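K.L.:
Quick one, upload.pdb (PDB, C-alpha atoms):
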ATOM      1  CA  MET E  14     -34.472 -26.386 -24.799  1.00  0.00           C
ATOM      2  CA  LYS E  15     -37.197 -28.607 -26.310  1.00  0.00           C
ATOM      3  CA  THR E  16     -34.793 -29.730 -29.013  1.00  0.00           C
ATOM      4  CA  LYS E  17     -32.215 -30.755 -26.379  1.00  0.00           C
ATOM      5  CA  ILE E  18     -34.818 -32.727 -24.427  1.00  0.00           C
ATOM      6  CA  ILE E  19     -36.026 -34.532 -27.549  1.00  0.00           C
ATOM      7  CA  SER E  20     -32.444 -35.335 -28.538  1.00  0.00           C
ATOM      8  CA  LEU E  21     -31.716 -36.705 -25.077  1.00  0.00           C
ATOM      9  CA  LEU E  22     -34.826 -38.904 -25.127  1.00  0.00           C
ATOM     10  CA  LEU E  23     -33.872 -40.207 -28.567  1.00  0.00           C
ATOM     11  CA  CYS E  24     -30.420 -41.102 -27.237  1.00  0.00           C
ATOM     12  CA  VAL E  25     -31.946 -42.970 -24.303  1.00  0.00           C
ATOM     13  CA  GLY E  26     -34.304 -44.828 -26.636  1.00  0.00           C
ATOM     14  CA  MET E  27     -31.448 -45.842 -28.901  1.00  0.00           C
ATOM     15  CA  LEU E  28     -29.459 -47.169 -25.944  1.00  0.00           C
ATOM     16  CA  PHE E  29     -32.362 -49.314 -24.725  1.00  0.00           C
ATOM     17  CA  ALA E  30     -32.707 -50.798 -28.204  1.00  0.00           C
ATOM     18  CA  CYS E  31     -29.161 -52.189 -28.166  1.00  0.00           C
ATOM     19  CA  ASN E  32     -27.611 -55.079 -26.315  1.00  0.00           C
ATOM     20  CA  ASN E  33     -25.110 -54.499 -23.525  1.00  0.00           C
ATOM     21  CA  THR E  34     -22.076 -54.531 -25.809  1.00  0.00           C
ATOM     22  CA  GLN E  35     -23.574 -51.939 -28.134  1.00  0.00           C
ATOM     23  CA  LYS E  36     -24.665 -49.800 -25.199  1.00  0.00           C
ATOM     24  CA  GLY E  37     -21.173 -49.896 -23.741  1.00  0.00           C
ATOM     25  CA  ALA E  38     -19.711 -48.653 -27.007  1.00  0.00           C
ATOM     26  CA  GLY E  39     -22.286 -45.873 -27.301  1.00  0.00           C
ATOM     27  CA  ILE E  40     -21.665 -44.666 -23.781  1.00  0.00           C
ATOM     28  CA  GLY E  41     -17.918 -44.634 -24.269  1.00  0.00           C
ATOM     29  CA  ALA E  42     -18.341 -42.534 -27.407  1.00  0.00           C
ATOM     30  CA  GLY E  43     -19.726 -39.567 -25.455  1.00  0.00           C
ATOM     31  CA  GLY E  44     -22.132 -38.354 -22.786  1.00  0.00           C
ATOM     32  CA  GLY E  45     -21.769 -41.551 -20.778  1.00  0.00           C
ATOM     33  CA  ALA E  46     -21.955 -40.133 -17.275  1.00  0.00           C
ATOM     34  CA  VAL E  47     -25.129 -38.130 -17.939  1.00  0.00           C
ATOM     35  CA  LEU E  48     -26.980 -40.794 -19.906  1.00  0.00           C
ATOM     36  CA  GLY E  49     -25.772 -43.519 -17.551  1.00  0.00           C
ATOM     37  CA  GLY E  50     -27.212 -41.643 -14.592  1.00  0.00           C
ATOM     38  CA  ILE E  51     -30.577 -41.211 -16.309  1.00  0.00           C
ATOM     39  CA  ILE E  52     -30.816 -44.846 -17.365  1.00  0.00           C
ATOM     40  CA  GLY E  53     -29.668 -45.956 -13.932  1.00  0.00           C
ATOM     41  CA  ALA E  54     -32.478 -43.992 -12.319  1.00  0.00           C
ATOM     42  CA  ILE E  55     -35.026 -45.484 -14.716  1.00  0.00           C
ATOM     43  CA  ALA E  56     -33.768 -48.979 -13.950  1.00  0.00           C
ATOM     44  CA  GLY E  57     -33.973 -48.425 -10.198  1.00  0.00           C
ATOM     45  CA  ASN E  58     -30.224 -48.644  -9.893  1.00  0.00           C
ATOM     46  CA  THR E  59     -28.400 -47.795  -6.689  1.00  0.00           C
ATOM     47  CA  ALA E  60     -25.257 -45.660  -6.775  1.00  0.00           C
ATOM     48  CA  ILE E  61     -22.532 -48.175  -7.630  1.00  0.00           C
ATOM     49  CA  GLY E  62     -19.365 -48.010  -9.681  1.00  0.00           C
ATOM     50  CA  ALA E  63     -15.598 -48.274  -9.399  1.00  0.00           C
ATOM     51  CA  ALA E  64     -13.665 -45.041  -9.045  1.00  0.00           C
ATOM     52  CA  ILE E  65     -12.033 -44.154 -12.364  1.00  0.00           C
ATOM     53  CA  GLY E  66      -9.815 -41.261 -13.317  1.00  0.00           C
ATOM     54  CA  GLY E  67     -11.476 -40.339 -16.606  1.00  0.00           C
ATOM     55  CA  ALA E  68     -13.933 -41.282 -19.315  1.00  0.00           C
ATOM     56  CA  VAL E  69     -14.000 -44.819 -20.678  1.00  0.00           C
ATOM     57  CA  GLY E  70     -13.578 -44.955 -24.442  1.00  0.00           C
ATOM     58  CA  ALA E  71     -15.965 -46.588 -26.893  1.00  0.00           C
ATOM     59  CA  GLY E  72     -13.836 -49.706 -27.362  1.00  0.00           C
ATOM     60  CA  ALA E  73     -13.362 -50.289 -23.640  1.00  0.00           C
ATOM     61  CA  GLY E  74     -17.068 -49.669 -23.034  1.00  0.00           C
ATOM     62  CA  ALA E  75     -17.943 -52.342 -25.583  1.00  0.00           C
ATOM     63  CA  ILE E  76     -15.571 -54.847 -23.980  1.00  0.00           C
ATOM     64  CA  ILE E  77     -17.075 -54.224 -20.539  1.00  0.00           C
ATOM     65  CA  GLY E  78     -20.591 -54.494 -21.978  1.00  0.00           C
ATOM     66  CA  ASN E  79     -19.709 -57.879 -23.468  1.00  0.00           C
ATOM     67  CA  ARG E  80     -18.334 -59.093 -20.136  1.00  0.00           C
ATOM     68  CA  MET E  81     -21.504 -58.014 -18.359  1.00  0.00           C
ATOM     69  CA  ASP E  82     -23.627 -59.782 -20.976  1.00  0.00           C
ATOM     70  CA  LYS E  83     -21.841 -63.006 -20.054  1.00  0.00           C
ATOM     71  CA  ALA E  84     -22.196 -62.361 -16.313  1.00  0.00           C
ATOM     72  CA  LYS E  85     -25.910 -61.692 -16.782  1.00  0.00           C
ATOM     73  CA  LYS E  86     -26.407 -65.002 -18.605  1.00  0.00           C
ATOM     74  CA  GLN E  87     -24.615 -66.815 -15.791  1.00  0.00           C
ATOM     75  CA  ALA E  88     -26.843 -65.183 -13.163  1.00  0.00           C
ATOM     76  CA  GLN E  89     -29.935 -66.213 -15.105  1.00  0.00           C
ATOM     77  CA  GLN E  90     -28.969 -69.858 -14.563  1.00  0.00           C
ATOM     78  CA  ILE E  91     -29.465 -69.518 -10.784  1.00  0.00           C
ATOM     79  CA  GLU E  92     -32.892 -70.815  -9.754  1.00  0.00           C
ATOM     80  CA  GLY E  93     -35.296 -68.023  -8.888  1.00  0.00           C
ATOM     81  CA  ALA E  94     -33.001 -65.246 -10.112  1.00  0.00           C
ATOM     82  CA  LYS E  95     -34.495 -62.053 -11.492  1.00  0.00           C
ATOM     83  CA  VAL E  96     -31.749 -60.431 -13.539  1.00  0.00           C
ATOM     84  CA  GLU E  97     -31.582 -57.110 -15.338  1.00  0.00           C
ATOM     85  CA  THR E  98     -29.005 -54.793 -16.861  1.00  0.00           C
ATOM     86  CA  VAL E  99     -28.595 -51.425 -15.131  1.00  0.00           C
ATOM     87  CA  LYS E 100     -25.986 -48.670 -15.216  1.00  0.00           C
ATOM     88  CA  ASP E 101     -23.312 -47.858 -12.677  1.00  0.00           C
ATOM     89  CA  THR E 102     -22.343 -44.296 -11.787  1.00  0.00           C
ATOM     90  CA  ASN E 103     -19.818 -44.272 -14.645  1.00  0.00           C
ATOM     91  CA  GLY E 104     -22.549 -45.063 -17.174  1.00  0.00           C
ATOM     92  CA  MET E 105     -21.221 -48.588 -17.733  1.00  0.00           C
ATOM     93  CA  ASP E 106     -23.219 -51.814 -17.761  1.00  0.00           C
ATOM     94  CA  ALA E 107     -23.845 -53.592 -14.482  1.00  0.00           C
ATOM     95  CA  VAL E 108     -25.974 -56.602 -13.505  1.00  0.00           C
ATOM     96  CA  LYS E 109     -28.695 -56.378 -10.857  1.00  0.00           C
ATOM     97  CA  THR E 110     -29.937 -59.689  -9.398  1.00  0.00           C
ATOM     98  CA  THR E 111     -32.747 -60.366  -6.939  1.00  0.00           C
ATOM     99  CA  PHE E 112     -34.606 -63.573  -6.062  1.00  0.00           C
ATOM    100  CA  ASP E 113     -38.156 -64.850  -5.742  1.00  0.00           C
ATOM    101  CA  GLU E 114     -39.729 -66.539  -2.728  1.00  0.00           C
ATOM    102  CA  LYS E 115     -37.588 -69.668  -3.219  1.00  0.00           C
ATOM    103  CA  GLY E 116     -34.435 -67.636  -2.788  1.00  0.00           C
ATOM    104  CA  ILE E 117     -33.291 -64.995  -0.338  1.00  0.00           C
ATOM    105  CA  TYR E 118     -36.023 -63.549   1.873  1.00  0.00           C
ATOM    106  CA  PHE E 119     -36.268 -63.020   5.608  1.00  0.00           C
ATOM    107  CA  ALA E 120     -38.799 -63.452   8.387  1.00  0.00           C
ATOM    108  CA  THR E 121     -40.258 -60.256   9.836  1.00  0.00           C
ATOM    109  CA  GLY E 122     -37.714 -58.553  12.069  1.00  0.00           C
ATOM    110  CA  LYS E 123     -35.020 -61.166  11.328  1.00  0.00           C
ATOM    111  CA  SER E 124     -31.715 -61.191   9.487  1.00  0.00           C
ATOM    112  CA  ASP E 125     -31.062 -64.939   9.776  1.00  0.00           C
ATOM    113  CA  LEU E 126     -30.534 -66.984   6.613  1.00  0.00           C
ATOM    114  CA  ASP E 127     -32.763 -70.024   6.173  1.00  0.00           C
ATOM    115  CA  ALA E 128     -31.883 -73.200   4.256  1.00  0.00           C
ATOM    116  CA  ASN E 129     -33.295 -71.855   0.981  1.00  0.00           C
ATOM    117  CA  ALA E 130     -31.274 -68.672   1.282  1.00  0.00           C
ATOM    118  CA  LYS E 131     -28.040 -70.554   1.991  1.00  0.00           C
ATOM    119  CA  SER E 132     -28.618 -72.874  -0.965  1.00  0.00           C
ATOM    120  CA  THR E 133     -29.180 -69.907  -3.264  1.00  0.00           C
ATOM    121  CA  LEU E 134     -26.185 -68.060  -1.870  1.00  0.00           C
ATOM    122  CA  GLN E 135     -23.930 -71.011  -2.659  1.00  0.00           C
ATOM    123  CA  GLU E 136     -24.871 -70.513  -6.307  1.00  0.00           C
ATOM    124  CA  VAL E 137     -24.425 -66.759  -6.007  1.00  0.00           C
ATOM    125  CA  ALA E 138     -20.961 -67.362  -4.550  1.00  0.00           C
ATOM    126  CA  ASN E 139     -20.026 -69.502  -7.557  1.00  0.00           C
ATOM    127  CA  TRP E 140     -21.292 -66.776  -9.880  1.00  0.00           C
ATOM    128  CA  VAL E 141     -19.181 -64.151  -8.123  1.00  0.00           C
ATOM    129  CA  LYS E 142     -16.074 -66.357  -8.052  1.00  0.00           C
ATOM    130  CA  ASN E 143     -16.474 -67.052 -11.772  1.00  0.00           C
ATOM    131  CA  ASN E 144     -16.171 -63.296 -12.359  1.00  0.00           C
ATOM    132  CA  PRO E 145     -13.126 -62.382 -10.242  1.00  0.00           C
ATOM    133  CA  ASP E 146     -12.492 -59.030 -11.918  1.00  0.00           C
ATOM    134  CA  THR E 147     -15.876 -57.624 -10.919  1.00  0.00           C
ATOM    135  CA  TYR E 148     -17.080 -55.843  -7.795  1.00  0.00           C
ATOM    136  CA  ILE E 149     -20.237 -56.682  -5.860  1.00  0.00           C
ATOM    137  CA  ALA E 150     -22.619 -54.476  -3.906  1.00  0.00           C
ATOM    138  CA  ILE E 151     -25.082 -56.128  -1.510  1.00  0.00           C
ATOM    139  CA  ILE E 152     -28.118 -54.015  -0.600  1.00  0.00           C
ATOM    140  CA  GLY E 153     -30.517 -55.084   2.165  1.00  0.00           C
ATOM    141  CA  HIS E 154     -34.191 -54.054   2.467  1.00  0.00           C
ATOM    142  CA  THR E 155     -37.134 -54.412   4.853  1.00  0.00           C
ATOM    143  CA  ASP E 156     -40.892 -54.126   4.623  1.00  0.00           C
ATOM    144  CA  SER E 157     -42.659 -51.129   6.141  1.00  0.00           C
ATOM    145  CA  THR E 158     -43.400 -52.834   9.468  1.00  0.00           C
ATOM    146  CA  GLY E 159     -41.739 -50.875  12.276  1.00  0.00           C
ATOM    147  CA  SER E 160     -39.895 -47.567  12.368  1.00  0.00           C
ATOM    148  CA  ASP E 161     -36.756 -46.425  10.557  1.00  0.00           C
ATOM    149  CA  ALA E 162     -34.895 -46.813  13.847  1.00  0.00           C
ATOM    150  CA  VAL E 163     -35.605 -50.555  13.576  1.00  0.00           C
ATOM    151  CA  ASN E 164     -35.634 -51.064   9.828  1.00  0.00           C
ATOM    152  CA  ASN E 165     -32.433 -49.254   8.889  1.00  0.00           C
ATOM    153  CA  PRO E 166     -30.099 -51.377  11.052  1.00  0.00           C
ATOM    154  CA  LEU E 167     -32.167 -54.483  10.265  1.00  0.00           C
ATOM    155  CA  SER E 168     -31.642 -54.025   6.531  1.00  0.00           C
ATOM    156  CA  GLN E 169     -27.926 -53.507   7.135  1.00  0.00           C
ATOM    157  CA  ASN E 170     -27.781 -56.714   9.176  1.00  0.00           C
ATOM    158  CA  ARG E 171     -29.479 -58.608   6.356  1.00  0.00           C
ATOM    159  CA  ALA E 172     -26.873 -57.401   3.898  1.00  0.00           C
ATOM    160  CA  LEU E 173     -24.103 -58.335   6.359  1.00  0.00           C
ATOM    161  CA  SER E 174     -25.583 -61.825   6.868  1.00  0.00           C
ATOM    162  CA  VAL E 175     -25.401 -62.360   3.129  1.00  0.00           C
ATOM    163  CA  LYS E 176     -21.873 -60.958   2.911  1.00  0.00           C
ATOM    164  CA  ASN E 177     -20.646 -63.191   5.734  1.00  0.00           C
ATOM    165  CA  TYR E 178     -22.138 -66.299   4.152  1.00  0.00           C
ATOM    166  CA  LEU E 179     -20.610 -65.486   0.769  1.00  0.00           C
ATOM    167  CA  ARG E 180     -17.257 -65.141   2.518  1.00  0.00           C
ATOM    168  CA  GLN E 181     -17.796 -68.595   4.076  1.00  0.00           C
ATOM    169  CA  CYS E 182     -18.414 -69.880   0.553  1.00  0.00           C
ATOM    170  CA  GLY E 183     -15.016 -68.595  -0.563  1.00  0.00           C
ATOM    171  CA  VAL E 184     -15.833 -65.218  -2.111  1.00  0.00           C
ATOM    172  CA  ASN E 185     -12.878 -62.841  -1.974  1.00  0.00           C
ATOM    173  CA  ALA E 186     -13.537 -60.022   0.497  1.00  0.00           C
ATOM    174  CA  ALA E 187     -12.011 -57.533  -1.955  1.00  0.00           C
ATOM    175  CA  GLN E 188     -14.805 -58.238  -4.426  1.00  0.00           C
ATOM    176  CA  ILE E 189     -17.510 -57.185  -1.983  1.00  0.00           C
ATOM    177  CA  GLN E 190     -17.037 -53.444  -2.246  1.00  0.00           C
ATOM    178  CA  ARG E 191     -20.263 -52.305  -0.657  1.00  0.00           C
ATOM    179  CA  THR E 192     -22.684 -53.674   1.950  1.00  0.00           C
ATOM    180  CA  GLU E 193     -25.588 -51.361   2.689  1.00  0.00           C
ATOM    181  CA  GLY E 194     -29.042 -51.327   4.256  1.00  0.00           C
ATOM    182  CA  GLN E 195     -31.753 -49.103   2.786  1.00  0.00           C
ATOM    183  CA  GLY E 196     -34.494 -49.823   5.298  1.00  0.00           C
ATOM    184  CA  SER E 197     -38.033 -49.740   3.898  1.00  0.00           C
ATOM    185  CA  LYS E 198     -37.598 -46.786   1.531  1.00  0.00           C
ATOM    186  CA  ASN E 199     -37.361 -48.809  -1.711  1.00  0.00           C
ATOM    187  CA  PRO E 200     -40.235 -51.326  -1.769  1.00  0.00           C
ATOM    188  CA  VAL E 201     -40.820 -53.489  -4.826  1.00  0.00           C
ATOM    189  CA  ALA E 202     -44.271 -54.697  -3.772  1.00  0.00           C
ATOM    190  CA  ASP E 203     -47.362 -53.600  -1.846  1.00  0.00           C
ATOM    191  CA  ASN E 204     -46.651 -53.422   1.882  1.00  0.00           C
ATOM    192  CA  SER E 205     -50.357 -53.706   2.678  1.00  0.00           C
ATOM    193  CA  THR E 206     -50.317 -57.451   1.886  1.00  0.00           C
ATOM    194  CA  ALA E 207     -48.376 -60.280   3.508  1.00  0.00           C
ATOM    195  CA  GLU E 208     -47.098 -61.405   0.108  1.00  0.00           C
ATOM    196  CA  GLY E 209     -45.913 -57.902  -0.743  1.00  0.00           C
ATOM    197  CA  ARG E 210     -44.157 -57.488   2.579  1.00  0.00           C
ATOM    198  CA  GLN E 211     -42.352 -60.791   2.041  1.00  0.00           C
ATOM    199  CA  GLN E 212     -41.076 -59.617  -1.343  1.00  0.00           C
ATOM    200  CA  ASN E 213     -39.787 -56.407   0.236  1.00  0.00           C
ATOM    201  CA  ARG E 214     -37.753 -58.290   2.871  1.00  0.00           C
ATOM    202  CA  ARG E 215     -34.947 -58.956   0.437  1.00  0.00           C
ATOM    203  CA  VAL E 216     -31.378 -58.354  -0.651  1.00  0.00           C
ATOM    204  CA  GLU E 217     -30.217 -57.165  -4.055  1.00  0.00           C
ATOM    205  CA  PHE E 218     -26.895 -57.880  -5.733  1.00  0.00           C
ATOM    206  CA  TYR E 219     -25.132 -55.537  -8.132  1.00  0.00           C
ATOM    207  CA  MET E 220     -22.195 -56.850 -10.143  1.00  0.00           C
ATOM    208  CA  TYR E 221     -20.174 -54.165 -11.888  1.00  0.00           C
ATOM    209  CA  ALA E 222     -16.759 -53.555 -13.465  1.00  0.00           C
ATOM    210  CA  SER E 223     -13.819 -53.383 -11.068  1.00  0.00           C
ATOM    211  CA  GLU E 224     -10.931 -51.001 -11.571  1.00  0.00           C
ATOM    212  CA  GLN E 225      -8.949 -54.003 -12.835  1.00  0.00           C
ATOM    213  CA  MET E 226     -11.578 -54.802 -15.466  1.00  0.00           C
ATOM    214  CA  ILE E 227     -11.727 -51.184 -16.592  1.00  0.00           C
ATOM    215  CA  LYS E 228      -7.956 -50.932 -16.958  1.00  0.00           C
ATOM    216  CA  SER E 229      -7.799 -54.252 -18.789  1.00  0.00           C
ATOM    217  CA  ALA E 230     -10.565 -53.186 -21.182  1.00  0.00           C
ATOM    218  CA  GLN E 231      -8.803 -49.912 -21.872  1.00  0.00           C
ATOM    219  CA  GLN E 232      -5.555 -51.736 -22.631  1.00  0.00           C
ATOM    220  CA  GLN E 233      -7.327 -54.167 -24.967  1.00  0.00           C
ATOM    221  CA  ALA E 234      -9.055 -51.317 -26.773  1.00  0.00           C
ATOM    222  CA  ASN E 235      -5.837 -49.360 -27.386  1.00  0.00           C
TER     223      ASN E 235
END
Translate the structure described by the file into structure tokens.

P.N.:
Amino acid sequence: MKTKIISLLLCVGMLFACNNTQKGAGIGAGGGAVLGGIIGAIAGNTAIGAAIGGAVGAGAGAIIGNRMDKAKKQAQQIEGAKVETVKDTNGMDAVKTTFDEKGIYFATGKSDLDANAKSTLQEVANWVKNNPDTYIAIIGHTDSTGSDAVNNPLSQNRALSVKNYLRQCGVNAAQIQRTEGQGSKNPVADNSTAEGRQQNRRVEFYMYASEQMIKSAQQQAN
């Protein structure tokens, strides 16, 4: 048992040492779903991923990893973006993007978008449209003020406000595969301070491979 645990940890360490393309190839080679789930949990990933009928091969995984590398670099050009690589439920690379106080935050108890948020979302919309063969998940959050009965629908409304504005900016509805509110259960900062509560009133974006991208990568790899 100890040997298996050590081997698994070594595999995880090796994956973190590689870039996205290399990680995609490694995952496709074997054990992708298990390792992807572990890495996703470490990265704070939410459960995202296109439905696929079977394992993605090493070559296709590398192609998808390369595409996500490019998408990540594009997201990093948006002012205030905090971008990281995470794993989807298939163990493939995905891009998680959040924003600082100059970007997309909300007033207490509100789901309205202010001028800063709309300006940032125009750039997000361009990013999404520049990657038409990806899917997007939009996850809304609140601070700990109020009860779950208030915060859960409020976080959902924040995600919907963002979705609706992206649609106004020309994003294809088919790309937005998931819009969800998670209430106050996943804070990123201390809720005992005003600054921390502001950081928790946020939305997160996950860009991941669509079924079209997966099929295309598999065809290219064959």

K.L.:
Which residue gives the smallest distance to E:Ala130 among E:His154, E:Lys109, E:Lys100, E:Arg171, with all atoms listed in the file counted?

P.N.:
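Once distances to E:Ala130 are computed over all atoms listed in the file, the minimum belongs to E:Arg171.
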
K.L.:
Given the file shown, determine the residues that the PyMOL selection byres ((chain E and resi 126) around 12) selects; report them as a list in words.

P.N.:
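So the PyMOL selection byres ((chain E and resi 126) around 12) ends up selecting Gly116, Ile117, Tyr118, Phe119, Ala120, Lys123, Ser124, Asp125, Asp127, Ala128, Asn129, Ala130, Lys131, Ser132, Thr133, Leu134, Asn170, Arg171, Ala172, Leu173, Ser174, Val175, Lys176, Asn177, Tyr178, Leu179, Arg214, Arg215 and Val216 of chain E.
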
K.L.:
Please determine, counting all atoms listed in the file, which residue among E:Ala162, E:Gln225, E:Asp156, E:Leu167 has the shortest atom-to-atom distance to E:Ala202.

P.N.:
E:Asp156

K.L.:
Any idea what's packed within 12 Å of E:Val108, counting only C-alpha atoms, ignoring anything in its chain fewer than 2 positions away? Could you give it as JSON, numbers by chain?

P.N.:
{"E": [33, 53, 56, 57, 58, 59, 61, 62, 77, 78, 79, 80, 81, 82, 83, 84, 85, 86, 87, 88, 89, 94, 95, 96, 97, 98, 99, 100, 101, 105, 106, 110, 111, 140, 141, 144, 147, 148, 149, 150, 217, 218, 219, 220, 221, 222]}

K.L.:
Between atom CA of E:Thr155 and atom CA of E:Val137, measure the distance and give it in Å to one decimal.

P.N.:
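Pair atom CA of E:Thr155 / atom CA of E:Val137 returns 20.8 Å.
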
K.L.:
Quick one: residues within 7 Å of E:Ala73, all atoms listed in the file counted, chain neighbours fewer than 2 positions away excluded, as a PDB file with C-alpha atoms, in the frame of the given file?

P.N.:
ATOM      1  CA  VAL E  69     -14.000 -44.819 -20.678  1.00  0.00           C
ATOM      2  CA  GLY E  70     -13.578 -44.955 -24.442  1.00  0.00           C
ATOM      3  CA  ALA E  71     -15.965 -46.588 -26.893  1.00  0.00           C
ATOM      4  CA  ALA E  75     -17.943 -52.342 -25.583  1.00  0.00           C
ATOM      5  CA  ILE E  76     -15.571 -54.847 -23.980  1.00  0.00           C
ATOM      6  CA  ILE E  77     -17.075 -54.224 -20.539  1.00  0.00           C
ATOM      7  CA  ALA E 230     -10.565 -53.186 -21.182  1.00  0.00           C
ATOM      8  CA  GLN E 231      -8.803 -49.912 -21.872  1.00  0.00           C
ATOM      9  CA  ALA E 234      -9.055 -51.317 -26.773  1.00  0.00           C
TER      10      ALA E 234
END

K.L.:
Distance atom CA of E:Lys228-atom CA of E:Ile152, one decimal place?

P.N.:
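Separation between atom CA of E:Lys228 and atom CA of E:Ile152: 26.1 Å.
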
K.L.:
Please indicate the distance in Å from atom CA of E:Lys198 to atom CA of E:Ile151, rounded to one decimal place.

P.N.:
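Between these atoms lies a distance of 15.9 Å.
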
K.L.:
Give the centre and edge lengths of an axis-aligned box, in Å to one decimal, that holds all listed atoms of stretch 167-182 of chain E with 4 Å on each side, as AutoDock Vina command-line options.

P.N.:
--center_x -24.7 --center_y -61.7 --center_z 5.4 --size_x 22.9 --size_y 24.4 --size_z 17.7

K.L.:
Pick the closest to E:Asn164 from E:Asn213, E:Gln90, E:Ser197, E:Asn204: which is it, counting only C-alpha atoms?

P.N.:
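Of all the options, E:Ser197 lies closest to E:Asn164.
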
K.L.:
Check which residues of stretch 60-171 of chain E sit at most 8 Å from stretch 181-186 of chain E using all atoms listed in the file, and return one row each with the closest pair of atoms and their distance in Å to one decimal, ordered by chain and rising number, as a Markdown table.

P.N.:
| residue | atom | partner | partner_atom | distance |
| --- | --- | --- | --- | --- |
| E:Gln135 | CA | E:Cys182 | CA | 6.5 |
| E:Ala138 | CA | E:Val184 | CA | 6.1 |
| E:Val141 | CA | E:Val184 | CA | 7.0 |
| E:Lys142 | CA | E:Val184 | CA | 6.1 |

K.L.:
Nearest to E:Arg210: which of E:Ser157, E:Ser168, E:Asn143, E:Asn103 is it, counting only C-alpha atoms?

P.N.:
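Residue with the minimum atom-to-atom distance to E:Arg210: E:Ser157.
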
K.L.:
So which residues are close to (-25.6, -52.2, 7.6), meaning at most 6 Å away in the file's coordinates with all atoms listed in the file counted, and can you show them as a list in words?

P.N.:
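Residues close enough to count: Pro166, Gln169, Asn170, Glu193 and Gly194 of chain E.
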
K.L.:
Measuring atom to atom with only C-alpha atoms, identify which of E:Ala60, E:Thr206, E:Pro145, E:Ala107 is nearest to E:Gln188.

P.N.:
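For E:Gln188, the nearest of the given residues is E:Pro145.
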